[in-house]
file run21.txt (compact mmCIF, C-alpha atoms)
# COMPACT_ATOMS: atom_id res chain seq x y z
CA MET Z 1 -29.82 -56.54 -9.99
CA LYS Z 2 -28.93 -56.92 -13.62
CA LEU Z 3 -31.76 -54.70 -14.68
CA GLU Z 4 -30.53 -51.95 -12.45
CA GLU Z 5 -26.99 -52.10 -13.76
CA ASN Z 6 -28.12 -51.85 -17.34
CA ARG Z 7 -30.68 -49.16 -16.98
CA ALA Z 8 -30.06 -46.00 -18.91
CA PRO Z 9 -28.62 -43.21 -16.76
CA ASP Z 10 -31.19 -40.79 -15.55
CA PRO Z 11 -30.55 -37.59 -17.50
CA LYS Z 12 -31.27 -35.48 -14.43
CA GLU Z 13 -28.75 -37.36 -12.34
CA GLU Z 14 -26.23 -37.14 -15.15
CA SER Z 15 -26.36 -33.37 -15.26
CA MET Z 16 -26.08 -33.24 -11.49
CA ALA Z 17 -22.90 -35.31 -11.74
CA GLY Z 18 -21.36 -32.75 -14.08
CA ASP Z 19 -22.35 -30.03 -11.68
CA ARG Z 20 -20.72 -31.79 -8.78
CA GLN Z 21 -17.45 -32.08 -10.63
CA GLU Z 22 -17.65 -28.40 -11.43
CA ILE Z 23 -18.36 -27.47 -7.83
CA MET Z 24 -15.36 -29.47 -6.68
CA GLU Z 25 -13.21 -27.72 -9.25
CA ILE Z 26 -14.47 -24.34 -8.08
CA ALA Z 27 -13.94 -25.19 -4.42
CA MET Z 28 -10.39 -26.29 -5.18
CA ARG Z 29 -9.70 -23.16 -7.15
CA ALA Z 30 -10.86 -21.02 -4.27
CA GLY Z 31 -8.62 -23.04 -1.96
CA HIS Z 32 -5.73 -22.68 -4.37
CA ILE Z 33 -6.03 -18.90 -4.43
CA LEU Z 34 -6.20 -18.74 -0.64
CA LEU Z 35 -3.22 -21.00 -0.04
CA GLU Z 36 -1.08 -19.36 -2.69
CA ASN Z 37 -1.63 -15.89 -1.29
CA GLY Z 38 -0.90 -16.42 2.37
CA ALA Z 39 -4.00 -17.79 4.12
CA GLU Z 40 -3.89 -20.20 7.04
CA ILE Z 41 -4.54 -23.90 6.43
CA SER Z 42 -7.76 -23.94 8.46
CA ARG Z 43 -9.20 -21.13 6.34
CA VAL Z 44 -8.42 -23.04 3.14
CA GLU Z 45 -10.03 -26.23 4.44
CA GLU Z 46 -13.04 -24.39 5.78
CA THR Z 47 -13.63 -22.53 2.53
CA ILE Z 48 -13.45 -25.70 0.43
CA ASP Z 49 -15.83 -27.45 2.83
CA ARG Z 50 -18.21 -24.53 2.91
CA ILE Z 51 -18.51 -24.30 -0.86
CA CYS Z 52 -19.04 -28.05 -1.18
CA ARG Z 53 -21.66 -28.21 1.58
CA HIS Z 54 -23.52 -25.20 0.31
CA TYR Z 55 -23.99 -26.76 -3.12
CA GLY Z 56 -25.02 -30.06 -1.63
CA ILE Z 57 -21.93 -32.26 -1.86
CA GLN Z 58 -21.89 -34.46 1.24
CA SER Z 59 -18.84 -36.62 0.71
CA ALA Z 60 -16.18 -34.01 0.00
CA ASN Z 61 -12.93 -34.29 1.90
CA SER Z 62 -9.88 -32.14 1.65
CA PHE Z 63 -6.44 -32.33 3.11
CA VAL Z 64 -4.32 -29.22 2.86
CA LEU Z 65 -0.59 -28.87 3.32
CA SER Z 66 1.49 -25.73 3.08
CA ASN Z 67 2.10 -26.36 -0.62
CA GLY Z 68 -0.59 -28.71 -1.78
CA ILE Z 69 -4.30 -29.51 -1.70
CA PHE Z 70 -5.64 -33.07 -1.85
CA SER Z 71 -9.35 -33.30 -2.43
CA THR Z 72 -11.69 -36.21 -2.92
CA MET Z 73 -15.40 -36.86 -3.21
CA GLY Z 74 -17.39 -40.04 -3.55
CA ASN Z 75 -19.74 -42.46 -1.82
CA GLN Z 76 -22.67 -44.68 -2.81
CA ARG Z 77 -24.69 -41.75 -4.08
CA GLU Z 78 -22.03 -39.35 -5.30
CA GLU Z 79 -19.56 -40.15 -8.05
CA PHE Z 80 -15.85 -40.22 -7.43
CA PHE Z 81 -13.56 -37.28 -7.83
CA ALA Z 82 -9.99 -36.93 -6.74
CA ARG Z 83 -7.46 -34.25 -7.39
CA VAL Z 84 -4.10 -33.18 -6.10
CA GLN Z 85 -2.84 -29.69 -6.66
CA HIS Z 86 0.68 -28.59 -6.04
CA ILE Z 87 0.90 -24.97 -5.02
CA PRO Z 88 4.35 -23.45 -5.00
CA VAL Z 89 5.09 -20.81 -2.39
CA SER Z 90 4.77 -17.34 -3.83
CA GLY Z 91 4.32 -13.81 -2.58
CA ALA Z 92 1.44 -12.96 -0.30
CA HIS Z 93 -1.40 -11.03 -1.91
CA LEU Z 94 -3.64 -10.50 1.08
CA ASN Z 95 -6.21 -8.65 -1.02
CA ARG Z 96 -7.00 -11.93 -2.77
CA VAL Z 97 -7.39 -13.71 0.55
CA ALA Z 98 -9.82 -11.00 1.64
CA ALA Z 99 -11.70 -11.27 -1.68
CA VAL Z 100 -12.10 -15.06 -1.51
CA ASN Z 101 -13.19 -14.70 2.11
CA GLN Z 102 -15.85 -12.21 1.06
CA LEU Z 103 -16.93 -14.52 -1.78
CA SER Z 104 -17.29 -17.47 0.56
CA ARG Z 105 -19.46 -15.31 2.83
CA GLU Z 106 -21.66 -14.38 -0.11
CA ILE Z 107 -21.94 -18.03 -1.15
CA GLU Z 108 -23.25 -18.86 2.31
CA GLU Z 109 -25.84 -16.13 1.88
CA GLY Z 110 -26.82 -17.77 -1.41
CA LYS Z 111 -25.93 -14.84 -3.62
CA HIS Z 112 -24.07 -16.79 -6.32
CA THR Z 113 -24.92 -19.36 -8.96
CA ILE Z 114 -22.28 -21.86 -10.01
CA ALA Z 115 -21.74 -20.21 -13.40
CA ASP Z 116 -21.38 -16.90 -11.65
CA LEU Z 117 -18.68 -18.23 -9.31
CA GLU Z 118 -16.36 -19.14 -12.14
CA ARG Z 119 -16.33 -15.52 -13.22
CA CYS Z 120 -15.85 -14.22 -9.68
CA LEU Z 121 -12.80 -16.44 -9.21
CA ASP Z 122 -11.43 -15.28 -12.56
CA ASP Z 123 -11.79 -11.71 -11.36
CA ILE Z 124 -9.96 -12.46 -8.13
CA GLU Z 125 -7.14 -14.24 -9.93
CA ASN Z 126 -6.76 -11.33 -12.30
CA MET Z 127 -6.76 -8.66 -9.62
CA PRO Z 128 -4.18 -6.16 -10.77
CA GLY Z 129 -0.80 -6.45 -9.09
CA LYS Z 130 1.08 -3.45 -7.83
CA ARG Z 131 3.45 -1.85 -10.27
CA ASN Z 132 7.08 -2.53 -9.46
CA ILE Z 133 7.75 1.10 -8.72
CA VAL Z 134 5.00 1.14 -6.09
CA GLN Z 135 6.47 -1.91 -4.36
CA ILE Z 136 9.96 -0.47 -4.49
CA MET Z 137 8.80 2.81 -2.99
CA ALA Z 138 6.84 0.97 -0.29
CA SER Z 139 9.96 -0.94 0.66
CA ALA Z 140 11.95 2.30 0.69
CA VAL Z 141 9.46 4.13 2.90
CA GLY Z 142 9.20 1.12 5.21
CA SER Z 143 12.97 0.91 5.55
CA GLY Z 144 13.29 4.61 6.22
CA ALA Z 145 10.55 4.57 8.84
CA PHE Z 146 11.93 1.52 10.61
CA CYS Z 147 15.43 2.99 10.63
CA LEU Z 148 14.03 6.02 12.44
CA PHE Z 149 12.14 3.63 14.68
CA PHE Z 150 15.31 1.72 15.63
CA GLY Z 151 17.08 4.84 16.79
CA GLY Z 152 18.43 6.37 13.61
CA ASP Z 153 18.24 10.09 12.84
CA LEU Z 154 16.88 11.67 9.67
CA LEU Z 155 20.14 11.28 7.74
CA ASP Z 156 20.34 7.57 8.64
CA SER Z 157 16.74 7.25 7.62
CA ALA Z 158 17.50 8.75 4.22
CA ALA Z 159 20.28 6.21 3.72
CA ALA Z 160 17.98 3.36 4.78
CA PHE Z 161 15.38 4.72 2.36
CA LEU Z 162 17.88 4.37 -0.50
CA SER Z 163 19.15 0.94 0.49
CA GLY Z 164 15.62 -0.37 1.08
CA MET Z 165 14.75 0.86 -2.38
CA LEU Z 166 17.74 -0.84 -4.01
CA LEU Z 167 17.08 -4.00 -2.00
CA TYR Z 168 13.63 -4.32 -3.53
CA VAL Z 169 15.01 -3.63 -6.99
CA TYR Z 170 17.29 -6.61 -6.39
CA ILE Z 171 14.42 -8.79 -5.13
CA LEU Z 172 12.09 -7.94 -8.00
CA TYR Z 173 14.63 -8.17 -10.79
CA GLY Z 174 16.78 -11.13 -9.86
CA GLY Z 175 16.54 -12.28 -6.28
CA TYR Z 176 13.25 -14.11 -6.68
CA ARG Z 177 14.84 -16.55 -9.14
CA LEU Z 178 17.37 -17.78 -6.59
CA SER Z 179 16.69 -20.31 -3.87
CA ARG Z 180 15.11 -18.74 -0.83
CA LEU Z 181 18.19 -19.08 1.37
CA VAL Z 182 20.61 -17.68 -1.20
CA GLU Z 183 18.20 -14.87 -2.07
CA HIS Z 184 18.17 -13.69 1.53
CA ILE Z 185 21.89 -14.17 2.14
CA LEU Z 186 22.63 -11.99 -0.87
CA GLY Z 187 19.92 -9.54 0.19
CA GLY Z 188 21.42 -9.18 3.65
CA ALA Z 189 24.89 -8.77 2.17
CA LEU Z 190 23.67 -6.21 -0.36
CA VAL Z 191 21.98 -4.09 2.30
CA THR Z 192 25.04 -4.20 4.54
CA PHE Z 193 27.29 -3.27 1.65
CA LEU Z 194 25.07 -0.35 0.63
CA CYS Z 195 24.87 0.97 4.18
CA MET Z 196 28.64 0.81 4.53
CA VAL Z 197 29.06 2.71 1.28
CA PHE Z 198 26.55 5.36 2.39
CA TYR Z 199 28.35 5.62 5.72
CA HIS Z 200 31.68 6.26 4.00
CA LEU Z 201 30.07 8.79 1.72
CA GLY Z 202 28.92 10.62 4.82
CA LEU Z 203 25.23 9.81 4.49
CA GLY Z 204 24.22 8.69 7.95
CA HIS Z 205 26.43 7.76 10.85
CA ASN Z 206 24.52 5.07 12.74
CA VAL Z 207 25.25 2.03 10.58
CA SER Z 208 23.36 -0.46 12.75
CA SER Z 209 20.09 1.46 12.61
CA MET Z 210 20.51 1.84 8.88
CA ILE Z 211 21.10 -1.89 8.34
CA ILE Z 212 18.33 -3.00 10.70
CA GLY Z 213 15.85 -0.63 9.07
CA SER Z 214 16.62 -1.66 5.52
CA VAL Z 215 16.70 -5.39 6.28
CA ILE Z 216 13.13 -5.31 7.60
CA PRO Z 217 11.39 -5.66 4.18
CA MET Z 218 12.89 -9.16 3.95
CA ILE Z 219 11.56 -10.32 7.34
CA PRO Z 220 9.08 -13.16 6.64
CA GLY Z 221 6.08 -11.75 8.49
CA VAL Z 222 3.48 -13.76 6.58
CA ALA Z 223 5.23 -17.10 7.01
CA PHE Z 224 5.82 -16.44 10.72
CA THR Z 225 2.26 -15.39 11.51
CA ASN Z 226 0.75 -18.24 9.51
CA ALA Z 227 3.12 -20.75 11.09
CA ILE Z 228 1.88 -19.79 14.54
CA ARG Z 229 -1.75 -19.92 13.51
CA ASP Z 230 -1.31 -23.31 11.83
CA LEU Z 231 0.47 -24.74 14.84
CA THR Z 232 -2.26 -23.55 17.20
CA ASP Z 233 -4.93 -24.98 14.89
CA GLY Z 234 -3.21 -28.35 15.08
CA ASP Z 235 -1.97 -28.25 11.48
CA TYR Z 236 1.48 -29.29 12.62
CA ILE Z 237 2.92 -30.27 9.25
CA ALA Z 238 2.13 -26.99 7.54
CA GLY Z 239 2.97 -25.06 10.70
CA SER Z 240 6.40 -26.56 11.06
CA VAL Z 241 7.15 -26.15 7.36
CA ARG Z 242 6.30 -22.48 7.59
CA MET Z 243 8.24 -22.05 10.83
CA MET Z 244 11.21 -23.69 9.11
CA ASP Z 245 10.83 -21.25 6.25
CA THR Z 246 10.86 -18.33 8.70
CA ALA Z 247 13.93 -19.64 10.49
CA LEU Z 248 15.76 -20.22 7.23
CA VAL Z 249 15.03 -16.75 5.92
CA VAL Z 250 16.06 -15.05 9.15
CA LEU Z 251 19.21 -17.16 9.27
CA GLY Z 252 19.94 -16.22 5.66
CA ILE Z 253 19.62 -12.50 6.38
CA ALA Z 254 21.84 -12.77 9.45
CA LEU Z 255 24.42 -14.77 7.48
CA GLY Z 256 24.46 -12.19 4.71
CA VAL Z 257 24.97 -9.33 7.15
CA GLY Z 258 27.61 -11.27 9.04
CA MET Z 259 29.50 -12.24 5.90
CA MET Z 260 29.62 -8.66 4.75
CA PHE Z 261 30.94 -7.56 8.14
CA THR Z 262 33.69 -10.18 7.93
CA ALA Z 263 34.62 -9.05 4.45
CA TYR Z 264 34.74 -5.45 5.64
CA TYR Z 265 36.99 -6.46 8.50
CA ARG Z 266 39.33 -8.36 6.18
CA ILE Z 267 39.59 -5.51 3.70
CA THR Z 268 39.92 -2.53 6.02
CA GLY Z 269 41.34 -4.28 9.05
CA GLY Z 270 39.02 -2.36 11.34
CA ASN Z 271 35.59 -2.86 12.82
CA LEU Z 272 32.89 -0.55 11.61
CA LEU Z 273 31.40 0.14 14.99
CA MET F 1 -5.02 16.21 23.17
CA THR F 2 -4.70 18.54 26.14
CA GLU F 3 -5.96 15.78 28.40
CA LEU F 4 -3.26 13.53 27.04
CA SER F 5 -0.45 15.98 27.69
CA ALA F 6 -1.80 16.65 31.18
CA TRP F 7 -1.65 12.95 31.84
CA PHE F 8 1.90 12.78 30.60
CA ALA F 9 2.85 15.81 32.70
CA PHE F 10 1.91 13.71 35.68
CA PHE F 11 4.96 11.59 34.87
CA PRO F 12 7.70 14.13 34.20
CA SER F 13 10.21 11.47 33.19
CA PHE F 14 7.98 10.06 30.48
CA PRO F 15 9.72 10.59 27.11
CA THR F 16 6.68 11.95 25.28
CA GLY F 17 8.61 13.39 22.33
CA GLU F 18 10.48 10.15 21.76
CA LEU F 19 7.24 8.20 21.98
CA PHE F 20 5.50 10.31 19.34
CA LYS F 21 8.46 10.04 17.01
CA GLN F 22 8.49 6.28 17.37
CA LEU F 23 4.72 5.94 17.04
CA LEU F 24 4.80 7.93 13.84
CA ALA F 25 7.68 5.82 12.49
CA ALA F 26 5.93 2.59 13.47
CA GLY F 27 2.67 3.71 11.84
CA VAL F 28 4.30 4.80 8.60
CA GLY F 29 6.49 1.69 8.46
CA THR F 30 3.54 -0.61 9.10
CA ALA F 31 1.45 1.09 6.43
CA ALA F 32 4.33 0.76 3.95
CA PHE F 33 4.54 -2.97 4.60
CA SER F 34 0.82 -3.39 4.23
CA VAL F 35 1.35 -2.09 0.68
CA LEU F 36 4.00 -4.77 0.12
CA PHE F 37 1.63 -7.48 1.37
CA TYR F 38 -1.19 -6.27 -0.90
CA VAL F 39 -3.54 -5.39 1.91
CA PRO F 40 -6.55 -3.67 0.25
CA ARG F 41 -6.03 0.08 0.08
CA LYS F 42 -8.93 0.98 2.38
CA TYR F 43 -7.23 -0.92 5.22
CA TYR F 44 -3.84 0.84 5.20
CA GLY F 45 -5.00 3.10 8.03
CA PHE F 46 -6.17 0.13 10.10
CA CYS F 47 -2.76 -1.52 9.69
CA ALA F 48 -0.94 1.65 10.72
CA ALA F 49 -3.20 1.87 13.77
CA CYS F 50 -2.36 -1.73 14.71
CA GLY F 51 1.37 -1.11 14.40
CA ALA F 52 1.28 2.11 16.40
CA TRP F 53 -1.04 0.63 19.03
CA GLY F 54 1.27 -2.34 19.57
CA TRP F 55 4.25 -0.08 19.94
CA LEU F 56 2.41 2.26 22.31
CA THR F 57 1.64 -0.73 24.53
CA TYR F 58 5.24 -1.90 24.41
CA PHE F 59 6.68 1.54 25.07
CA VAL F 60 4.48 2.33 28.06
CA LEU F 61 4.92 -1.08 29.65
CA GLU F 62 8.66 -1.10 29.22
CA TRP F 63 8.88 2.40 30.61
CA ALA F 64 6.82 1.26 33.58
CA GLY F 65 9.48 -1.30 34.37
CA MET F 66 8.61 -4.48 32.53
CA THR F 67 11.28 -6.57 30.83
CA VAL F 68 11.50 -6.62 27.05
CA THR F 69 9.98 -10.10 26.90
CA GLU F 70 6.98 -9.25 29.06
CA ALA F 71 6.34 -6.00 27.23
CA THR F 72 6.60 -7.79 23.86
CA PHE F 73 4.07 -10.37 25.01
CA PHE F 74 1.47 -7.78 25.99
CA ALA F 75 2.16 -5.67 22.92
CA ALA F 76 1.69 -8.67 20.61
CA ALA F 77 -1.52 -9.51 22.43
CA ALA F 78 -2.67 -5.90 22.00
CA VAL F 79 -1.96 -5.98 18.26
CA VAL F 80 -3.85 -9.22 17.76
CA PHE F 81 -6.75 -8.01 19.89
CA LEU F 82 -7.12 -4.85 17.83
CA SER F 83 -6.72 -6.85 14.60
CA ARG F 84 -9.53 -9.19 15.56
CA LEU F 85 -11.72 -6.27 16.52
CA PHE F 86 -11.08 -4.68 13.11
CA ALA F 87 -11.67 -8.06 11.47
CA VAL F 88 -15.14 -8.39 12.98
CA MET F 89 -15.88 -4.76 12.22
CA GLU F 90 -14.84 -5.05 8.57
CA ARG F 91 -15.78 -8.69 8.07
CA CYS F 92 -12.42 -9.83 6.75
CA PRO F 93 -9.56 -12.04 8.00
CA ALA F 94 -7.67 -10.75 11.05
CA THR F 95 -4.41 -11.74 9.36
CA LEU F 96 -4.72 -8.69 7.14
CA PHE F 97 -4.11 -6.32 10.03
CA MET F 98 -2.00 -8.58 12.15
CA ILE F 99 0.82 -9.38 9.74
CA PRO F 100 1.90 -5.76 9.17
CA GLY F 101 0.93 -4.76 12.72
CA ILE F 102 3.31 -7.20 14.35
CA PHE F 103 6.34 -5.86 12.46
CA PRO F 104 7.47 -3.22 14.98
CA LEU F 105 7.71 -5.96 17.62
CA VAL F 106 9.82 -8.35 15.56
CA PRO F 107 13.25 -8.53 17.22
CA GLY F 108 15.07 -7.32 14.10
CA ALA F 109 17.62 -5.43 16.15
CA GLY F 110 18.28 -8.49 18.33
CA ILE F 111 18.98 -10.65 15.30
CA TYR F 112 21.24 -7.99 13.84
CA TRP F 113 23.31 -7.61 16.98
CA THR F 114 23.56 -11.37 17.38
CA ALA F 115 24.99 -11.68 13.88
CA TYR F 116 27.30 -8.77 14.60
CA TYR F 117 28.63 -10.21 17.85
CA ILE F 118 29.15 -13.64 16.30
CA VAL F 119 31.19 -12.15 13.48
CA THR F 120 33.24 -9.99 15.82
CA ASP F 121 33.86 -13.02 18.04
CA GLN F 122 32.13 -11.70 21.15
CA MET F 123 30.46 -14.98 21.94
CA GLU F 124 29.07 -14.12 25.35
CA LEU F 125 27.30 -11.03 24.06
CA ALA F 126 26.16 -12.99 21.01
CA SER F 127 24.52 -15.70 23.05
CA ARG F 128 22.92 -13.16 25.35
CA THR F 129 21.39 -11.04 22.58
CA GLY F 130 20.53 -14.15 20.55
CA PHE F 131 18.72 -15.68 23.47
CA SER F 132 16.77 -12.51 24.21
CA ALA F 133 15.77 -12.29 20.52
CA VAL F 134 14.43 -15.84 20.74
CA LYS F 135 12.62 -14.94 23.96
CA ALA F 136 10.99 -11.96 22.23
CA ALA F 137 9.89 -14.21 19.35
CA VAL F 138 8.39 -16.69 21.79
CA ALA F 139 6.63 -13.82 23.57
CA ILE F 140 5.07 -12.77 20.24
CA VAL F 141 3.96 -16.35 19.63
CA LEU F 142 2.33 -16.56 23.05
CA GLY F 143 0.65 -13.18 22.63
CA ILE F 144 -0.88 -14.32 19.34
CA ILE F 145 -1.96 -17.71 20.66
CA PHE F 146 -3.69 -16.41 23.76
CA VAL F 147 -5.72 -13.75 22.00
CA PHE F 148 -6.81 -16.23 19.32
CA GLU F 149 -8.33 -18.36 22.05
CA ILE F 150 -10.89 -15.64 22.77
CA PRO F 151 -14.07 -16.73 20.98
CA GLN F 152 -15.28 -14.70 18.01
CA SER F 153 -18.59 -14.02 19.77
CA PHE F 154 -16.76 -11.91 22.35
CA PHE F 155 -15.60 -9.48 19.67
CA LYS F 156 -19.07 -9.40 18.17
CA ARG F 157 -20.53 -8.54 21.53
CA VAL F 158 -17.92 -5.83 22.09
CA LEU F 159 -18.95 -4.24 18.81
CA GLY F 160 -22.64 -4.80 19.49
CA LYS F 161 -23.03 -7.06 16.47
CA LYS F 162 -25.35 -10.01 16.67
CA ARG F 163 -25.59 -12.86 14.26
CA ALA F 164 -28.54 -12.67 11.88
CA GLY F 165 -30.06 -15.85 13.35
CA GLU F 166 -29.93 -14.55 16.89
CA THR F 167 -31.72 -11.30 16.18
CA ALA F 168 -34.43 -13.18 14.33
CA ARG F 169 -34.95 -15.43 17.30
CA ASN F 170 -34.95 -12.59 19.79
CA GLN F 171 -37.60 -10.68 17.91
call {"tool": "encode", "arguments": {"input": "run21.txt", "output": "structure tokens"}}
result
Amino acid sequence: MKLEENRAPDPKEESMAGDRQEIMEIAMRAGHILLENGAEISRVEETIDRICRHYGIQSANSFVLSNGIFSTMGNQREEFFARVQHIPVSGAHLNRVAAVNQLSREIEEGKHTIADLERCLDDIENMPGKRNIVQIMASAVGSGAFCLFFGGDLLDSAAAFLSGMLLYVYILYGGYRLSRLVEHILGGALVTFLCMVFYHLGLGHNVSSMIIGSVIPMIPGVAFTNAIRDLTDGDYIAGSVRMMDTALVVLGIALGVGMMFTAYYRITGGNLL
Amino acid sequence: MTELSAWFAFFPSFPTGELFKQLLAAGVGTAAFSVLFYVPRKYYGFCAACGAWGWLTYFVLEWAGMTVTEATFFAAAAVVFLSRLFAVMERCPATLFMIPGIFPLVPGAGIYWTAYYIVTDQMELASRTGFSAVKAAVAIVLGIIFVFEIPQSFFKRVLGKKRAGETARNQ
């Protein structure tokens, strides 16, 4: 007994221990990127598991919430490792989700060494973002198209194009700093205000289509879709948190629009429609 | 194209022009949102196809006499089905196509009118539109859930793809 405790550590086993730690770190980083950029919980858990299993870690366990990853490893043969990562909610970058997914596929096929993986994850994390102007124009085009879609004519669509554009300017240069509820209340109010101004300037005549179209870029599509997928996968905690987020955002938008309508009514004494 | 118009001519009351306008708007809108969600550039077309396909389903079914809720359910299911097909084809998560593709079905107008009626103190209309918006949201949820229950192997078989292990064994 005593002899065994005091024996010098086997150098081979020692290096393996370092490797295991590194693999866990890499698996957690991959999970982090996935969760941060709008992947479902089951995909995050599966990816972490897959990476660990592929590189021979048997005792890895991970527990993933909508904003955190808890990961542990350790049994008689494998040393202990535990880490908690807090992952704040941020914008969805689905290209990174697709890239990590591809990477995890390639790992399964045995195409990557551990040293190689570190660099791949760096590359994914440093994927270039879209320039602000591109995002603003995307929001503008989306708003215009959806205004047309919800029964507006071309003039309404042009107004929605402008207000969708200004809405994203607000989101990118100020809105994101506010709390999520306030951000969307102000966003809804801003859009309603802009559409009313355009209406009075004679640009567009169907105010509802204009407002509906230009509010659409704020609709929390990622949170909603992921909430449903998490709930069906049995990840009830993350699912309900995301569903709550969706409900809050939609409520915020509706409140903003409603508040602006009330203000309009108070000031002009007449309903817009 | 001529076949298509002949088919539509069979139903004289079918609003073909309106449909094409809306399909175009849905496709462009969906593609624009896929830019916002950072979908890789090569998939913009797939997203637009999902959005337009979902709306086509909705439009035809509603025209054929279904209620908004029923039509939304089948349209959501259609979007998710196509997304999963694309996902197997392109070997990437279905979410990529589904998130933008579902946008045309989101009851944005319902939520807007609910807020409007609440503010203008028309409570009966508000509760009616609010409730139908919730029903549409639930229909989307059900559409997504049911199509995700279809096993992945079904989509592989549809596309004629076999897993590497299977082909090896069959040879």
call {"tool": "closest_residue", "arguments": {"input": "run21.txt", "among": "F:Val147, F:Leu36, F:Leu105, F:Ala126", "to": "chain Z", "atoms": "only C-alpha atoms"}}
result
F:Leu36
call {"tool": "interface_residues", "arguments": {"input": "run21.txt", "of": "chain F", "to": "chain Z", "cutoff": "9 Å", "atoms": "all atoms listed in the file", "output": "number ranges by chain"}}
result
F: 21-41, 91-93, 95-96, 98-100, 102-104, 106, 108-109, 111-120, 141, 144-145, 148
call {"tool": "closest_residue", "arguments": {"input": "run21.txt", "among": "F:Trp63, F:Gly45, F:Arg157, F:Ala52", "to": "F:Thr16", "atoms": "only C-alpha atoms"}}
result
F:Trp63
call {"tool": "atom_distance", "arguments": {"input": "run21.txt", "atom1": "atom CA of Z:Ile124", "atom2": "atom CA of Z:Ala30"}}
result
9.4 Å
call {"tool": "atom_distance", "arguments": {"input": "run21.txt", "atom1": "atom CA of Z:Arg119", "atom2": "atom CA of Z:Leu103"}}
result
11.5 Å
call {"tool": "atom_distance", "arguments": {"input": "run21.txt", "atom1": "atom CA of F:Ala87", "atom2": "atom CA of F:Ala75"}}
result
18.1 Å
call {"tool": "closest_residue", "arguments": {"input": "run21.txt", "among": "Z:Ala238, Z:Ile185, Z:Val207, Z:Val44", "to": "Z:Ser157", "atoms": "only C-alpha atoms"}}
result
Z:Val207
call {"tool": "closest_residue", "arguments": {"input": "run21.txt", "among": "F:Leu85, F:Ala136, F:Glu18, F:Pro107", "to": "F:Ile150", "atoms": "only C-alpha atoms"}}
result
F:Leu85
call {"tool": "closest_residue", "arguments": {"input": "run21.txt", "among": "F:Phe14, F:Ala64, F:Gly51, F:Leu159", "to": "F:Ala78", "atoms": "only C-alpha atoms"}}
result
F:Gly51
call {"tool": "residues_near_point", "arguments": {"input": "run21.txt", "point": "(-14.3, -28.1, -6.3)", "cutoff": "10 Å", "atoms": "all atoms listed in the file", "output": "list in words"}}
result
Asp19, Arg20, Gln21, Glu22, Ile23, Met24, Glu25, Ile26, Ala27, Met28, Arg29, Ala30, Gly31, Ile48, Asp49, Ile51, Cys52, Ile57, Ala60, Ser62, Ser71, Thr72, Met73, Phe81, Ala82 and Arg83 of chain Z
call {"tool": "residues_around", "arguments": {"input": "run21.txt", "residues": "Z:His86", "least_positions_apart": "5", "cutoff": "12 Å", "atoms": "only C-alpha atoms", "output": "PyMOL selection string"}}
result
chain Z and resi 28-29+31-33+35-36+64-71
call {"tool": "residues_around", "arguments": {"input": "run21.txt", "residues": "F:Ala137", "least_positions_apart": "2", "cutoff": "10 Å", "atoms": "only C-alpha atoms", "output": "JSON, numbers by chain"}}
result
{"Z": [224], "F": [69, 72, 73, 76, 105, 106, 107, 131, 132, 133, 134, 135, 139, 140, 141, 142, 143]}
